[in-house]
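Structure record follows, encoded as structure tokens.
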Amino acid sequence: MTDRIPQIVIAFEYAIAKTRNQERGVSLSPNRSGDCRDSRSDIAGYPLIAENSSVLHSWCVQSDWNAPTIVGGEGARFWDESGRTYLDMSSLAECMNLGHQHPRLIRAIQEQAQTLCFVNSSWGAKPRAALAERLLDLSGFEGGRVFFTLGGADANEHAVKFARQASGRPQGRVVARDRSYHGASYAAMAWSGDSRTRSHNEEAYGVLRVPPPYAYRCPYGTASDAECADRNVAHIGAVIGQAGADHVAAVMMEPNAGTNGIVAPDNFWPGLRAQTARLGVYLIADEVMSGFGRCGEWFAWQAHGDAGRPDLMTLAKGLTGAHIPLGAVVLARHVAAKLEHAMLNTGLTYCGHPLACAAGVAAIAAYQDEKLIERSRVLGGAMLQRLRAMQERHAVIGDVRGGRGLFAIAELVKNRDTREPLAPWPSLHPSMARFVTTARERGVSFAVRGNLIILAPPLVIEENELERALDIMNALLGELDWS
């Protein structure tokens, strides 16, 4: 009987509250009559208003922000309130790998919302467990563990946190490269070698900065791409040795795709893996952008087999195809084992949110059933061939790289022989800005940064759509003045 007392008290208090609210004409229980899928949402009846005076927008001067309102999308296209349609050649923020409004994800989110919108990580959740198992299986990290976050930046922060705890180096340094990006939280900004986030207090976040494996402009002045990668790996080893390996918790780097446009030579990542293993330092693969087919594999490091296997990897973006925010840290068995019997002093309210995890499970099923990883390899190869043909035709294209999947970079130059940049990094040449605006007028949305045209369309893009976008790119490279 005593076990039932709390329930009896709660029921009694609820009955009293219900009576009082009925007297006031207030219902304590929500009105759940009808099917919520048939009801008109609050936002549907809201007037369409501009947000340039009410929303703080990222990565821009607020007074300069002036963009149309996007009201829908399907596949590789989205459209604004005026009815103008855009072919998406960047997957927006290189995240909509599955395209816009993928029906399988929408259905999964709706079904999960009908069942259970939220429970925190103090309790189990079916979609959370299912997604963790799928990620461990796809990565070959059997016996490892997964920690879920809200996005890429906090995934990278937690990866470093876990590396420091597992290595027993709570103040351990983090080796990170120039021309990289790991997020916009304070720590992630410090680790990033990005002109937008460059911190003047890198020491406080334990950063050991190294040059990038940027073969087109090799910081070591080497004669070949492979030699540039080897020198870079040796440099990283020397930096770790100088700091003392016992004082370094991790090396964190992007295996392939990134908005800074560095695509390392093929021998770089396995060389880095061998170097960090030899020195006893964890390797964190930031797969936030390169994962889920973007580079022709589930995860970019898999192009190198076990020779490229990291100790930890971070995920976001393609994990749900951006349909709902979600990030993750995947830990290999030997790293997870170090945390198994220790207090994990970290947490997030929405860690492993059921709605987001249900979307993640559906996303993986979509990648598999639609064979999108393989499709990315095929279309990525075709896209690379087209870009190289453009390079032969347009002297402004200095270098083309990538192409393992639907990710490639075209770097523009003033002089191909001297490799003089079109504009000092990361400034935007006036014709590059015109390239973006004119392409939008012709129905294609490209992403550019500095001298780079970043090509990363959804993996569901149709072949004729890809051809049309590349035709427009080719035409604009010939029409615009690049002097």
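Residues are referred to by chain and number: the chain letter is A, B, ... according to the order shown in the structure tokens, the number counts from 1 in that chain, and ligands are numbered separately from 1 in the order shown.
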
Task: DSSP-assigned strand (DSSP E) members of segment 234-360 of chain A, reported as a PyMOL selection string - done: chain A and resi 248-253+282-286+312-315+327-331

Task: Contact residues around Leu412 of chain A with only C-alpha atoms at 12 Å, ignoring same-chain residues under 3 positions, as number ranges by chain - done: A: 216, 261, 390-391, 394-401, 409, 415-416, 419-425, 428-429, 431-432, 448-454, 477, 482-483

Output of the above residues as a PDB file, in the first residue's frame, restricted to C-alpha atoms:
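result.pdb, freshly written:
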```pdb
ATOM      1  CA  TYR A 216      48.307  23.122 -55.144  1.00  0.00           C
ATOM      2  CA  GLY A 261      38.667  23.846 -50.144  1.00  0.00           C
ATOM      3  CA  MET A 390      36.184  23.425 -68.268  1.00  0.00           C
ATOM      4  CA  GLN A 391      39.708  23.821 -66.928  1.00  0.00           C
ATOM      5  CA  HIS A 394      38.934  28.519 -69.209  1.00  0.00           C
ATOM      6  CA  ALA A 395      42.334  29.773 -68.077  1.00  0.00           C
ATOM      7  CA  VAL A 396      40.772  31.217 -64.938  1.00  0.00           C
ATOM      8  CA  ILE A 397      40.473  27.705 -63.474  1.00  0.00           C
ATOM      9  CA  GLY A 398      43.816  26.993 -61.880  1.00  0.00           C
ATOM     10  CA  ASP A 399      43.026  23.738 -60.126  1.00  0.00           C
ATOM     11  CA  VAL A 400      40.249  21.166 -59.890  1.00  0.00           C
ATOM     12  CA  ARG A 401      40.231  18.702 -56.997  1.00  0.00           C
ATOM     13  CA  ILE A 409      36.524  22.374 -55.819  1.00  0.00           C
ATOM     14  CA  ASN A 415      47.494  33.490 -63.860  1.00  0.00           C
ATOM     15  CA  ARG A 416      47.570  29.729 -64.247  1.00  0.00           C
ATOM     16  CA  ARG A 419      49.097  30.412 -59.706  1.00  0.00           C
ATOM     17  CA  GLU A 420      48.484  34.000 -58.640  1.00  0.00           C
ATOM     18  CA  PRO A 421      45.159  33.995 -56.754  1.00  0.00           C
ATOM     19  CA  LEU A 422      42.182  35.737 -58.298  1.00  0.00           C
ATOM     20  CA  ALA A 423      41.898  37.699 -55.031  1.00  0.00           C
ATOM     21  CA  PRO A 424      43.763  37.507 -51.714  1.00  0.00           C
ATOM     22  CA  TRP A 425      42.238  34.777 -49.524  1.00  0.00           C
ATOM     23  CA  LEU A 428      35.777  37.703 -53.083  1.00  0.00           C
ATOM     24  CA  HIS A 429      36.570  38.931 -56.569  1.00  0.00           C
ATOM     25  CA  SER A 431      33.118  38.643 -60.790  1.00  0.00           C
ATOM     26  CA  MET A 432      32.770  35.804 -58.299  1.00  0.00           C
ATOM     27  CA  VAL A 448      31.586  30.138 -53.405  1.00  0.00           C
ATOM     28  CA  ARG A 449      34.226  31.191 -50.925  1.00  0.00           C
ATOM     29  CA  GLY A 450      37.204  33.345 -51.741  1.00  0.00           C
ATOM     30  CA  ASN A 451      38.574  32.004 -55.031  1.00  0.00           C
ATOM     31  CA  LEU A 452      36.748  28.692 -54.721  1.00  0.00           C
ATOM     32  CA  ILE A 453      33.609  27.387 -56.382  1.00  0.00           C
ATOM     33  CA  ILE A 454      32.400  24.641 -54.052  1.00  0.00           C
ATOM     34  CA  LEU A 477      33.100  31.339 -66.669  1.00  0.00           C
ATOM     35  CA  TRP A 482      38.031  37.696 -64.477  1.00  0.00           C
ATOM     36  CA  SER A 483      40.789  40.251 -64.924  1.00  0.00           C
TER      37      SER A 483
END
```

Open item on the list: I'd like the contact shell of Ala332 of chain A - 6 Å cut-off, only C-alpha atoms, skipping same-chain residues fewer than 3 positions apart - returned as a list in words.
Closed with: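 Listed by chain and then number, they are Phe141, Gly144, Asp311 and Val335 of chain A.
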
Proximity check segment 93-153 of chain A to segment 314-325 of chain A, 12 Å, nearest pairs one decimal Å, only C-alpha atoms, as a Markdown table:
```
| residue | atom | partner | partner_atom | distance |
| --- | --- | --- | --- | --- |
| A:Ala93 | CA | A:Lys317 | CA | 8.3 |
| A:Glu94 | CA | A:Lys317 | CA | 7.4 |
| A:Cys95 | CA | A:Lys317 | CA | 4.4 |
| A:Met96 | CA | A:Gly321 | CA | 4.6 |
| A:Asn97 | CA | A:Gly321 | CA | 5.2 |
| A:Leu98 | CA | A:Gly321 | CA | 5.3 |
| A:Gly99 | CA | A:Gly321 | CA | 7.3 |
| A:His100 | CA | A:His323 | CA | 8.2 |
| A:Gln101 | CA | A:His323 | CA | 7.5 |
| A:His102 | CA | A:His323 | CA | 8.3 |
| A:Pro103 | CA | A:His323 | CA | 10.6 |
| A:Arg104 | CA | A:His323 | CA | 10.7 |
| A:Leu105 | CA | A:His323 | CA | 7.3 |
| A:Ile106 | CA | A:His323 | CA | 8.0 |
| A:Arg107 | CA | A:His323 | CA | 11.4 |
| A:Ala108 | CA | A:His323 | CA | 10.7 |
| A:Ile109 | CA | A:Ile324 | CA | 8.8 |
| A:Gln110 | CA | A:His323 | CA | 12.0 |
| A:Leu131 | CA | A:Leu319 | CA | 9.9 |
| A:Ala132 | CA | A:Leu319 | CA | 11.5 |
| A:Arg134 | CA | A:Leu319 | CA | 11.3 |
| A:Leu135 | CA | A:Leu319 | CA | 9.6 |
| A:Ser139 | CA | A:Leu315 | CA | 11.5 |
| A:Val146 | CA | A:Thr314 | CA | 9.7 |
| A:Phe147 | CA | A:Thr314 | CA | 9.5 |
| A:Phe148 | CA | A:Leu315 | CA | 9.2 |
| A:Thr149 | CA | A:Ala316 | CA | 8.6 |
| A:Leu150 | CA | A:Pro325 | CA | 5.8 |
| A:Gly151 | CA | A:Ala316 | CA | 5.4 |
| A:Gly152 | CA | A:Ala316 | CA | 5.2 |
| A:Ala153 | CA | A:Ala316 | CA | 9.0 |
```

- [ ] Per DSSP on the backbone, filter segment 296-434 of chain A down to the residues in helix (DSSP H, G or I) and report them as a ChimeraX atom specification.
- [x] /A:300-308,317-319,333-339,354-369,372-393,430-434

Open item on the list: Would you pick out the contacts of Val444 of chain A at 7 Å or less, using only C-alpha atoms, so that residues sharing its chain but fewer than 6 positions from it are not included, and give the list as an MDAnalysis selection string?
Closed with: chainID A and resid 86:88 469

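Note that atom CA of Arg388 of chain A and atom CA of Pro265 of chain A are 17.4 Å apart.
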
Open item on the list: Counting only C-alpha atoms, which residue out of A:Ala307, A:Val175, A:Ile43, A:Met253 sits closest to Ile284 of chain A?
Closed with: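 Looking at the shortest contact to Ile284 of chain A, the residue is A:Met253.
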
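Close contacts of Arg196 of chain A, defined as residues with an atom at most 12 Å away when counting only C-alpha atoms, with chain neighbours fewer than 2 positions off set aside, comprise Ser58, Trp59, Cys60, Asp178, Arg179, Ser180, Tyr181, His182, Gly183, Ala184, Ala188, Met189, Ala190, Ser192, Gly193, Asp194, Arg198, Ser199, Thr259, Asn260, Trp425, Pro426, Ser427, Arg449 and Gly450 of chain A.
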
Open item on the list: Just to confirm, what's the straight-line distance from atom CA of Asp246 of chain A to atom CA of His341 of chain A in Å (one decimal)?
Closed with: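 These atoms are spaced 22.4 Å apart.
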
Task: Length of the atom CA of Val330 of chain A to atom CA of Ala250 of chain A vector [Å] - done: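 The value is 14.7 Å.
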
TODO: Name the residues in contact with Met313 of chain A at a cut-off of 7 Å, using only C-alpha atoms, excluding same-chain residues fewer than 6 positions from it; report them as a list in words.
DONE: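 So the residues in contact are Ile284, Ala285, Asp286, Glu287, Val329, Val330 and Leu331 of chain A.
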
Open item on the list: When you look at Gly347 of chain A with a cut-off of 12 Å (counting only C-alpha atoms), what residues show up, excluding the ones that are within fewer than 3 positions of it in the same chain? I need them as a PyMOL selection string.
Closed with: chain A and resi 120-122+147-150+154-155+157-158+161+343-344+350-352

Residues from the last selection, C-alpha atoms, saved as an mmCIF file, in the first residue's frame:
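Writing done, so here's again-v9.cif:
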```cif
data_model
loop_
_atom_site.group_PDB
_atom_site.id
_atom_site.type_symbol
_atom_site.label_atom_id
_atom_site.label_comp_id
_atom_site.auth_asym_id
_atom_site.auth_seq_id
_atom_site.Cartn_x
_atom_site.Cartn_y
_atom_site.Cartn_z
ATOM 1 C CA ASN A 120 16.081 12.675 -22.127
ATOM 2 C CA SER A 121 19.105 10.397 -21.989
ATOM 3 C CA SER A 122 18.349 9.324 -18.410
ATOM 4 C CA PHE A 147 27.462 10.140 -28.042
ATOM 5 C CA PHE A 148 24.777 12.257 -29.680
ATOM 6 C CA THR A 149 24.958 16.036 -29.933
ATOM 7 C CA LEU A 150 22.985 18.800 -31.630
ATOM 8 C CA ASP A 154 29.465 20.393 -30.138
ATOM 9 C CA ALA A 155 30.357 17.005 -31.623
ATOM 10 C CA GLU A 157 34.051 19.750 -28.638
ATOM 11 C CA HIS A 158 32.891 16.484 -27.115
ATOM 12 C CA LYS A 161 36.689 16.149 -24.274
ATOM 13 C CA MET A 343 32.081 9.354 -14.594
ATOM 14 C CA LEU A 344 31.241 11.114 -17.847
ATOM 15 C CA TYR A 350 18.571 17.088 -26.192
ATOM 16 C CA CYS A 351 21.290 14.422 -26.370
ATOM 17 C CA GLY A 352 19.892 11.700 -28.628
#
```
